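J.: Questions regarding the structure given below will be posed in turn.
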Amino acid sequence: MLSSADAMKVTIFSSKPYDEQFLNAWNTGSAHELVFIENRLKPSTAALAEGSLAVCAFVNDVLDAETLKKLAGHGVRFIVLRCAGFNNLDLVAATALGLKVARVPAYSPFAVAEHAVALLLCLNRHIHKAYNRVRDGNFSLDGLMGHDVSGKTVGVIGTGIIGSIFARIITGFGCEVLAYDVRPNPDCEKIGVRYVPLDELLARSHALSLHCPLLPQTHHLIDEKTIALMRDGVYIVNTSRGALIDAEAAIAGIKSGRIGGLALDVYEEESELFFEDLSVSIIQDDVFMRLTTFPNVLVTGHQAFFTHEALANIAQTTLSNLTDFEMGRDCPNAVRSK
Ligand code: NAD
């Protein structure tokens, strides 16, 4: 344990002005010495954490075995993720190196679930196109026809914290909600959500929303084979992790009409793109650029979590995780290998 006189130095990677604003605001009495750096964490930037006992990382930071080994070599003992997912971290390597890891398991599940609903509604009613048309003085309705959401079947894949809130909201629209999860959630069953095998969910749903984590079992869950099982014109919304969808298979599905609309807040190769202003750069990712050319594809840059409430919770929990580690206390948000 450290003496209370020494504020623990924490290097915060991939830092944006809003991270600095919220973490500083919640760092009561400057309990921790927070060093904000814009660089993404990866093997070549790990040395920037020299002299820090802790590192704070975000979704697109690289926490593979090589980076973790370098961090440990620079004296880092604690890793706190200011996000829920930890698929970007090699937990086996972290454990072997004696690094303690914590995350923010739930900061505002409402933020993500509400964004998924917003994407679905926007896609269905072509709000993204209407916005531009009206600004251009074009009030034609051609091509803007949507469907009533009420009465449609919506499939939810993964009904944990976020998926169950999404299911509850969408139930309020008068939809039949089907779900697939390896561990059904009794709270969802209570509101009438029906668990069915994945194939049945895919075959019956007019719209799908993905809320399961990225695991080897869920990698490219949406691929050529599963797209072939879906209804013609299905809408797919992904606010979970990009690699749940094989983007090239999705492009083929859009071209064939099997996929009627695709809304993505996450993208498999997003780490080279998202959270940065690339408006004057030449984007090299041809798959991503192809996706953005379709009128029925809507992309937001991993902003589903981005609400005032979520950022406040992320800051609060991250700092409390750091204090738990520093004081040698049991951390309720610790991530351990099974
Ligand atoms: P959670 O752990 O509460 O729920 C995940 C659910 O998926 C669980 O019920 C689990 O049983 C289920 N699941 C696990 N393996 C599965 C499989 N093979 N098939 C089907 N279901 C499976 O997680 P959560 O807090 O609801 O978050 C869901 C995902 O949302 C996270 O994994 C994260 O990647 C993503 N997320 C995205 C944003 C964003 O800003 N876009 C923000 C937060 C979280």
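Starting from 1 in every chain, residues are counted up; chains themselves are A, B, ... following the order of the structure tokens, and ligands are numbered from 1 as listed.
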Write as a PyMOL selection string the residues around ligand 1, taking 9 Å as the cut-off and counting only C-alpha atoms and all ligand atoms.
T.: chain A and resi 59+83-87+105-109+111-113+115-116+157-165+179-185+198+210-219+221+238-242+264-266+301-306
J.: Output as a PDB file with N, CA and C atoms, in the first residue's frame all residues of segment 154-295 of chain A that backbone DSSP marks as alpha helix (DSSP H).
T.:
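Output saved as out_39.pdb:
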```pdb
ATOM      1  N   ILE A 161     -27.176  -6.164 -19.456  1.00  0.00           N
ATOM      2  CA  ILE A 161     -27.635  -4.870 -18.927  1.00  0.00           C
ATOM      3  C   ILE A 161     -28.205  -3.994 -20.046  1.00  0.00           C
ATOM      4  N   ILE A 162     -27.453  -3.850 -21.140  1.00  0.00           N
ATOM      5  CA  ILE A 162     -27.886  -2.937 -22.208  1.00  0.00           C
ATOM      6  C   ILE A 162     -29.017  -3.564 -23.044  1.00  0.00           C
ATOM      7  N   GLY A 163     -28.818  -4.816 -23.425  1.00  0.00           N
ATOM      8  CA  GLY A 163     -29.813  -5.482 -24.275  1.00  0.00           C
ATOM      9  C   GLY A 163     -31.179  -5.539 -23.606  1.00  0.00           C
ATOM     10  N   SER A 164     -31.199  -5.729 -22.280  1.00  0.00           N
ATOM     11  CA  SER A 164     -32.500  -5.826 -21.602  1.00  0.00           C
ATOM     12  C   SER A 164     -33.203  -4.465 -21.588  1.00  0.00           C
ATOM     13  N   ILE A 165     -32.419  -3.378 -21.498  1.00  0.00           N
ATOM     14  CA  ILE A 165     -33.041  -2.038 -21.538  1.00  0.00           C
ATOM     15  C   ILE A 165     -33.556  -1.761 -22.957  1.00  0.00           C
ATOM     16  N   PHE A 166     -32.755  -2.150 -23.937  1.00  0.00           N
ATOM     17  CA  PHE A 166     -33.207  -1.987 -25.329  1.00  0.00           C
ATOM     18  C   PHE A 166     -34.522  -2.745 -25.528  1.00  0.00           C
ATOM     19  N   ALA A 167     -34.559  -3.996 -25.005  1.00  0.00           N
ATOM     20  CA  ALA A 167     -35.769  -4.828 -25.174  1.00  0.00           C
ATOM     21  C   ALA A 167     -36.965  -4.149 -24.515  1.00  0.00           C
ATOM     22  N   ARG A 168     -36.733  -3.548 -23.346  1.00  0.00           N
ATOM     23  CA  ARG A 168     -37.849  -2.899 -22.649  1.00  0.00           C
ATOM     24  C   ARG A 168     -38.344  -1.691 -23.442  1.00  0.00           C
ATOM     25  N   ILE A 169     -37.417  -0.898 -23.959  1.00  0.00           N
ATOM     26  CA  ILE A 169     -37.837   0.296 -24.716  1.00  0.00           C
ATOM     27  C   ILE A 169     -38.622  -0.130 -25.955  1.00  0.00           C
ATOM     28  N   ILE A 170     -38.102  -1.119 -26.645  1.00  0.00           N
ATOM     29  CA  ILE A 170     -38.696  -1.477 -27.937  1.00  0.00           C
ATOM     30  C   ILE A 170     -40.039  -2.202 -27.727  1.00  0.00           C
ATOM     31  N   THR A 171     -40.172  -2.851 -26.567  1.00  0.00           N
ATOM     32  CA  THR A 171     -41.466  -3.445 -26.217  1.00  0.00           C
ATOM     33  C   THR A 171     -42.515  -2.335 -26.145  1.00  0.00           C
ATOM     34  N   PRO A 186     -34.212 -13.384 -16.704  1.00  0.00           N
ATOM     35  CA  PRO A 186     -35.601 -13.494 -16.230  1.00  0.00           C
ATOM     36  C   PRO A 186     -36.346 -12.161 -16.285  1.00  0.00           C
ATOM     37  N   ASP A 187     -35.631 -11.032 -16.122  1.00  0.00           N
ATOM     38  CA  ASP A 187     -36.299  -9.717 -16.192  1.00  0.00           C
ATOM     39  C   ASP A 187     -36.903  -9.498 -17.578  1.00  0.00           C
ATOM     40  N   CYS A 188     -36.230 -10.008 -18.607  1.00  0.00           N
ATOM     41  CA  CYS A 188     -36.757  -9.862 -19.971  1.00  0.00           C
ATOM     42  C   CYS A 188     -37.973 -10.750 -20.165  1.00  0.00           C
ATOM     43  N   GLU A 189     -37.875 -11.969 -19.615  1.00  0.00           N
ATOM     44  CA  GLU A 189     -39.016 -12.889 -19.763  1.00  0.00           C
ATOM     45  C   GLU A 189     -40.263 -12.295 -19.116  1.00  0.00           C
ATOM     46  N   LYS A 190     -40.043 -11.595 -17.993  1.00  0.00           N
ATOM     47  CA  LYS A 190     -41.189 -10.992 -17.271  1.00  0.00           C
ATOM     48  C   LYS A 190     -41.923  -9.957 -18.113  1.00  0.00           C
ATOM     49  N   LEU A 198     -31.068 -19.033 -32.050  1.00  0.00           N
ATOM     50  CA  LEU A 198     -30.563 -17.949 -32.905  1.00  0.00           C
ATOM     51  C   LEU A 198     -31.139 -18.025 -34.324  1.00  0.00           C
ATOM     52  N   ASP A 199     -31.194 -19.228 -34.883  1.00  0.00           N
ATOM     53  CA  ASP A 199     -31.685 -19.355 -36.266  1.00  0.00           C
ATOM     54  C   ASP A 199     -33.115 -18.843 -36.396  1.00  0.00           C
ATOM     55  N   GLU A 200     -33.936 -19.165 -35.386  1.00  0.00           N
ATOM     56  CA  GLU A 200     -35.336 -18.720 -35.435  1.00  0.00           C
ATOM     57  C   GLU A 200     -35.412 -17.198 -35.313  1.00  0.00           C
ATOM     58  N   LEU A 201     -34.597 -16.666 -34.406  1.00  0.00           N
ATOM     59  CA  LEU A 201     -34.580 -15.196 -34.229  1.00  0.00           C
ATOM     60  C   LEU A 201     -34.200 -14.510 -35.535  1.00  0.00           C
ATOM     61  N   LEU A 202     -33.171 -15.042 -36.189  1.00  0.00           N
ATOM     62  CA  LEU A 202     -32.703 -14.426 -37.438  1.00  0.00           C
ATOM     63  C   LEU A 202     -33.771 -14.531 -38.530  1.00  0.00           C
ATOM     64  N   ALA A 203     -34.448 -15.657 -38.560  1.00  0.00           N
ATOM     65  CA  ALA A 203     -35.423 -15.883 -39.630  1.00  0.00           C
ATOM     66  C   ALA A 203     -36.678 -15.031 -39.441  1.00  0.00           C
ATOM     67  N   ARG A 204     -37.002 -14.695 -38.173  1.00  0.00           N
ATOM     68  CA  ARG A 204     -38.288 -14.019 -37.933  1.00  0.00           C
ATOM     69  C   ARG A 204     -38.197 -12.516 -37.726  1.00  0.00           C
ATOM     70  N   GLU A 224     -21.801 -14.273 -43.726  1.00  0.00           N
ATOM     71  CA  GLU A 224     -22.547 -14.690 -44.920  1.00  0.00           C
ATOM     72  C   GLU A 224     -23.626 -15.720 -44.579  1.00  0.00           C
ATOM     73  N   LYS A 225     -23.249 -16.684 -43.692  1.00  0.00           N
ATOM     74  CA  LYS A 225     -24.196 -17.772 -43.370  1.00  0.00           C
ATOM     75  C   LYS A 225     -25.390 -17.252 -42.590  1.00  0.00           C
ATOM     76  N   THR A 226     -25.138 -16.430 -41.572  1.00  0.00           N
ATOM     77  CA  THR A 226     -26.270 -15.971 -40.757  1.00  0.00           C
ATOM     78  C   THR A 226     -27.108 -14.939 -41.522  1.00  0.00           C
ATOM     79  N   ILE A 227     -26.456 -14.142 -42.378  1.00  0.00           N
ATOM     80  CA  ILE A 227     -27.228 -13.171 -43.178  1.00  0.00           C
ATOM     81  C   ILE A 227     -28.194 -13.927 -44.098  1.00  0.00           C
ATOM     82  N   ALA A 228     -27.735 -15.083 -44.582  1.00  0.00           N
ATOM     83  CA  ALA A 228     -28.589 -15.875 -45.484  1.00  0.00           C
ATOM     84  C   ALA A 228     -29.860 -16.368 -44.780  1.00  0.00           C
ATOM     85  N   ALA A 247     -17.885  -7.224 -42.000  1.00  0.00           N
ATOM     86  CA  ALA A 247     -18.325  -6.057 -42.774  1.00  0.00           C
ATOM     87  C   ALA A 247     -18.430  -6.367 -44.272  1.00  0.00           C
ATOM     88  N   GLU A 248     -17.543  -7.236 -44.768  1.00  0.00           N
ATOM     89  CA  GLU A 248     -17.618  -7.542 -46.206  1.00  0.00           C
ATOM     90  C   GLU A 248     -18.875  -8.341 -46.516  1.00  0.00           C
ATOM     91  N   ALA A 249     -19.246  -9.248 -45.600  1.00  0.00           N
ATOM     92  CA  ALA A 249     -20.490 -10.010 -45.793  1.00  0.00           C
ATOM     93  C   ALA A 249     -21.685  -9.063 -45.708  1.00  0.00           C
ATOM     94  N   ALA A 250     -21.595  -8.058 -44.831  1.00  0.00           N
ATOM     95  CA  ALA A 250     -22.688  -7.088 -44.710  1.00  0.00           C
ATOM     96  C   ALA A 250     -22.834  -6.291 -46.014  1.00  0.00           C
ATOM     97  N   ILE A 251     -21.704  -5.930 -46.614  1.00  0.00           N
ATOM     98  CA  ILE A 251     -21.763  -5.194 -47.882  1.00  0.00           C
ATOM     99  C   ILE A 251     -22.475  -6.042 -48.945  1.00  0.00           C
ATOM    100  N   ALA A 252     -22.125  -7.331 -48.985  1.00  0.00           N
ATOM    101  CA  ALA A 252     -22.783  -8.218 -49.957  1.00  0.00           C
ATOM    102  C   ALA A 252     -24.277  -8.307 -49.642  1.00  0.00           C
ATOM    103  N   GLY A 253     -24.608  -8.368 -48.369  1.00  0.00           N
ATOM    104  CA  GLY A 253     -26.022  -8.450 -47.952  1.00  0.00           C
ATOM    105  C   GLY A 253     -26.794  -7.186 -48.325  1.00  0.00           C
ATOM    106  N   ILE A 254     -26.137  -6.036 -48.249  1.00  0.00           N
ATOM    107  CA  ILE A 254     -26.798  -4.777 -48.614  1.00  0.00           C
ATOM    108  C   ILE A 254     -26.993  -4.736 -50.137  1.00  0.00           C
ATOM    109  N   LYS A 255     -25.961  -5.160 -50.858  1.00  0.00           N
ATOM    110  CA  LYS A 255     -26.056  -5.123 -52.322  1.00  0.00           C
ATOM    111  C   LYS A 255     -27.157  -6.053 -52.832  1.00  0.00           C
ATOM    112  N   SER A 256     -27.348  -7.188 -52.148  1.00  0.00           N
ATOM    113  CA  SER A 256     -28.377  -8.138 -52.601  1.00  0.00           C
ATOM    114  C   SER A 256     -29.767  -7.719 -52.119  1.00  0.00           C
ATOM    115  N   ASP A 286     -10.976   0.685 -47.405  1.00  0.00           N
ATOM    116  CA  ASP A 286     -11.937   0.626 -48.515  1.00  0.00           C
ATOM    117  C   ASP A 286     -13.267   0.005 -48.098  1.00  0.00           C
ATOM    118  N   VAL A 287     -13.220  -0.927 -47.153  1.00  0.00           N
ATOM    119  CA  VAL A 287     -14.467  -1.568 -46.712  1.00  0.00           C
ATOM    120  C   VAL A 287     -15.330  -0.526 -46.000  1.00  0.00           C
ATOM    121  N   PHE A 288     -14.705   0.232 -45.122  1.00  0.00           N
ATOM    122  CA  PHE A 288     -15.451   1.271 -44.402  1.00  0.00           C
ATOM    123  C   PHE A 288     -16.009   2.299 -45.386  1.00  0.00           C
ATOM    124  N   MET A 289     -15.165   2.737 -46.324  1.00  0.00           N
ATOM    125  CA  MET A 289     -15.610   3.760 -47.270  1.00  0.00           C
ATOM    126  C   MET A 289     -16.748   3.235 -48.152  1.00  0.00           C
ATOM    127  N   ARG A 290     -16.687   1.962 -48.507  1.00  0.00           N
ATOM    128  CA  ARG A 290     -17.788   1.391 -49.302  1.00  0.00           C
ATOM    129  C   ARG A 290     -19.086   1.432 -48.492  1.00  0.00           C
ATOM    130  N   LEU A 291     -18.972   1.076 -47.204  1.00  0.00           N
ATOM    131  CA  LEU A 291     -20.159   1.089 -46.344  1.00  0.00           C
ATOM    132  C   LEU A 291     -20.809   2.472 -46.320  1.00  0.00           C
ATOM    133  N   THR A 292     -19.959   3.501 -46.266  1.00  0.00           N
ATOM    134  CA  THR A 292     -20.519   4.850 -46.128  1.00  0.00           C
ATOM    135  C   THR A 292     -21.147   5.370 -47.431  1.00  0.00           C
ATOM    136  N   THR A 293     -20.974   4.622 -48.522  1.00  0.00           N
ATOM    137  CA  THR A 293     -21.579   5.088 -49.785  1.00  0.00           C
ATOM    138  C   THR A 293     -23.039   4.650 -49.923  1.00  0.00           C
TER     139      THR A 293
END
```
J.: As a list in words, please: every residue in segment 29-140 of chain A that a backbone DSSP assignment puts in strand (DSSP E).
T.: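 Here is the list: His32, Glu33, Leu34, Val35, Phe36, Ala54, Val55, Cys56, Ala57, Phe78, Ile79, Val80, Leu81, Lys100, Val101 and Ala102 of chain A.
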J.: Could the residues in this selection be written to a file with N, CA and C atoms, as a PDB file, in the first residue's frame?
T.:
```pdb
ATOM      1  N   HIS A  32      -5.538  11.475  -6.844  1.00  0.00           N
ATOM      2  CA  HIS A  32      -4.592  10.817  -7.750  1.00  0.00           C
ATOM      3  C   HIS A  32      -3.952  11.869  -8.643  1.00  0.00           C
ATOM      4  N   GLU A  33      -2.704  11.628  -9.026  1.00  0.00           N
ATOM      5  CA  GLU A  33      -2.030  12.546  -9.951  1.00  0.00           C
ATOM      6  C   GLU A  33      -2.336  12.066 -11.373  1.00  0.00           C
ATOM      7  N   LEU A  34      -3.198  12.790 -12.054  1.00  0.00           N
ATOM      8  CA  LEU A  34      -3.660  12.336 -13.366  1.00  0.00           C
ATOM      9  C   LEU A  34      -2.848  12.995 -14.474  1.00  0.00           C
ATOM     10  N   VAL A  35      -2.258  12.165 -15.316  1.00  0.00           N
ATOM     11  CA  VAL A  35      -1.466  12.682 -16.435  1.00  0.00           C
ATOM     12  C   VAL A  35      -2.207  12.311 -17.722  1.00  0.00           C
ATOM     13  N   PHE A  36      -2.693  13.312 -18.419  1.00  0.00           N
ATOM     14  CA  PHE A  36      -3.518  13.063 -19.606  1.00  0.00           C
ATOM     15  C   PHE A  36      -2.655  13.103 -20.854  1.00  0.00           C
ATOM     16  N   ALA A  54      -0.270   3.357 -12.300  1.00  0.00           N
ATOM     17  CA  ALA A  54      -1.505   2.920 -12.957  1.00  0.00           C
ATOM     18  C   ALA A  54      -1.627   3.540 -14.334  1.00  0.00           C
ATOM     19  N   VAL A  55      -2.353   2.821 -15.179  1.00  0.00           N
ATOM     20  CA  VAL A  55      -2.642   3.289 -16.528  1.00  0.00           C
ATOM     21  C   VAL A  55      -4.148   3.224 -16.710  1.00  0.00           C
ATOM     22  N   CYS A  56      -4.688   4.250 -17.350  1.00  0.00           N
ATOM     23  CA  CYS A  56      -6.120   4.264 -17.633  1.00  0.00           C
ATOM     24  C   CYS A  56      -6.285   4.204 -19.146  1.00  0.00           C
ATOM     25  N   ALA A  57      -7.056   3.234 -19.622  1.00  0.00           N
ATOM     26  CA  ALA A  57      -7.153   3.005 -21.067  1.00  0.00           C
ATOM     27  C   ALA A  57      -8.611   2.983 -21.505  1.00  0.00           C
ATOM     28  N   PHE A  78      -1.314  -1.357 -12.036  1.00  0.00           N
ATOM     29  CA  PHE A  78      -2.778  -1.355 -12.149  1.00  0.00           C
ATOM     30  C   PHE A  78      -3.214  -0.833 -13.518  1.00  0.00           C
ATOM     31  N   ILE A  79      -4.237  -1.488 -14.059  1.00  0.00           N
ATOM     32  CA  ILE A  79      -4.814  -1.022 -15.322  1.00  0.00           C
ATOM     33  C   ILE A  79      -6.290  -0.776 -15.065  1.00  0.00           C
ATOM     34  N   VAL A  80      -6.741   0.423 -15.300  1.00  0.00           N
ATOM     35  CA  VAL A  80      -8.178   0.679 -15.175  1.00  0.00           C
ATOM     36  C   VAL A  80      -8.713   1.072 -16.549  1.00  0.00           C
ATOM     37  N   LEU A  81      -9.740   0.350 -16.950  1.00  0.00           N
ATOM     38  CA  LEU A  81     -10.356   0.612 -18.245  1.00  0.00           C
ATOM     39  C   LEU A  81     -11.549   1.520 -18.006  1.00  0.00           C
ATOM     40  N   LYS A 100      -3.118  -5.819 -11.946  1.00  0.00           N
ATOM     41  CA  LYS A 100      -4.527  -5.838 -11.552  1.00  0.00           C
ATOM     42  C   LYS A 100      -5.315  -5.002 -12.556  1.00  0.00           C
ATOM     43  N   VAL A 101      -6.476  -5.515 -12.935  1.00  0.00           N
ATOM     44  CA  VAL A 101      -7.276  -4.850 -13.962  1.00  0.00           C
ATOM     45  C   VAL A 101      -8.684  -4.592 -13.431  1.00  0.00           C
ATOM     46  N   ALA A 102      -9.202  -3.413 -13.704  1.00  0.00           N
ATOM     47  CA  ALA A 102     -10.607  -3.134 -13.365  1.00  0.00           C
ATOM     48  C   ALA A 102     -11.248  -2.407 -14.536  1.00  0.00           C
TER      49      ALA A 102
END
```
J.: Determine, counting only C-alpha atoms, which protein, DNA and RNA residues have an atom within 10 Å of an atom of Ser44 of chain A; residues of the same chain fewer than 5 positions away are not included. Present the result as a list in words.
T.: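 Near neighbours after the sequence-gap exclusion: Glu66, Thr67 and Lys70 of chain A.
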J.: In Å, with one decimal, what is the gap from atom CA of Val234 of chain A to atom CA of Ser150 of chain A?
T.: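 Atom-to-atom, atom CA of Val234 of chain A and atom CA of Ser150 of chain A are spaced 15.3 Å apart.
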J.: Considering only C-alpha atoms, give me a table of residues in segment 9-80 of chain A that are at most 12 Å from segment 272-275 of chain A, with the closest atom pair and distance in Å for each, as CSV.
T.:
```
residue,atom,partner,partner_atom,distance
A:Ser14,CA,A:Phe275,CA,9.1
A:Ser15,CA,A:Phe275,CA,10.1
A:Lys16,CA,A:Phe275,CA,8.7
A:Pro17,CA,A:Phe275,CA,11.6
A:Tyr18,CA,A:Phe275,CA,11.8
A:Glu38,CA,A:Phe275,CA,10.9
A:Asn39,CA,A:Phe275,CA,11.7
A:Arg40,CA,A:Glu272,CA,10.2
A:Phe58,CA,A:Phe275,CA,11.0
A:Val59,CA,A:Phe274,CA,10.4
A:Asn60,CA,A:Glu272,CA,8.7
A:Asp61,CA,A:Glu272,CA,10.7
A:Val62,CA,A:Glu272,CA,11.7
```
J.: Export, as an mmCIF file, in the first residue's frame, the selected residues with C-alpha atoms.
T.:
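The result, written out as selection31.cif:
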```cif
data_model
loop_
_atom_site.group_PDB
_atom_site.id
_atom_site.type_symbol
_atom_site.label_atom_id
_atom_site.label_comp_id
_atom_site.auth_asym_id
_atom_site.auth_seq_id
_atom_site.Cartn_x
_atom_site.Cartn_y
_atom_site.Cartn_z
ATOM 1 C CA SER A 14 -6.342 8.241 -25.573
ATOM 2 C CA SER A 15 -7.385 11.243 -23.561
ATOM 3 C CA LYS A 16 -9.866 13.745 -24.972
ATOM 4 C CA PRO A 17 -10.883 17.100 -23.473
ATOM 5 C CA TYR A 18 -14.081 15.554 -22.083
ATOM 6 C CA GLU A 38 -3.682 11.962 -26.300
ATOM 7 C CA ASN A 39 -1.687 9.009 -27.617
ATOM 8 C CA ARG A 40 -3.332 5.666 -28.036
ATOM 9 C CA PHE A 58 -10.143 3.145 -23.406
ATOM 10 C CA VAL A 59 -11.793 0.913 -26.009
ATOM 11 C CA ASN A 60 -9.284 1.224 -28.840
ATOM 12 C CA ASP A 61 -6.127 1.117 -26.754
ATOM 13 C CA VAL A 62 -4.044 -1.982 -27.405
#
```
J.: Compile the contact shell of Leu119 of chain A as a list in words: residues with an atom at most 9 Å away, counting only C-alpha atoms, same-chain residues fewer than 4 positions apart removed.
T.: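 Returned residues: Glu114, His115, Leu123, Asn124, Val237, Ala263, Leu264, Asp265, Leu298, Val299 and Thr300 of chain A.
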J.: Selected residues, C-alpha atoms, written as a compact mmCIF listing (two decimals), in the first residue's frame, please.
T.:
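Written out: part20.txt:
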```txt
# COMPACT_ATOMS: atom_id res chain seq x y z
CA GLU A 114 -31.26 4.64 -26.29
CA HIS A 115 -28.67 5.23 -29.02
CA LEU A 123 -32.62 4.22 -40.33
CA ASN A 124 -36.27 3.27 -40.69
CA VAL A 237 -28.12 -2.25 -35.50
CA ALA A 263 -26.69 1.13 -38.46
CA LEU A 264 -23.28 0.88 -36.89
CA ASP A 265 -21.87 2.65 -33.87
CA LEU A 298 -25.78 4.87 -40.99
CA VAL A 299 -22.55 5.11 -39.02
CA THR A 300 -21.84 6.92 -35.77
```
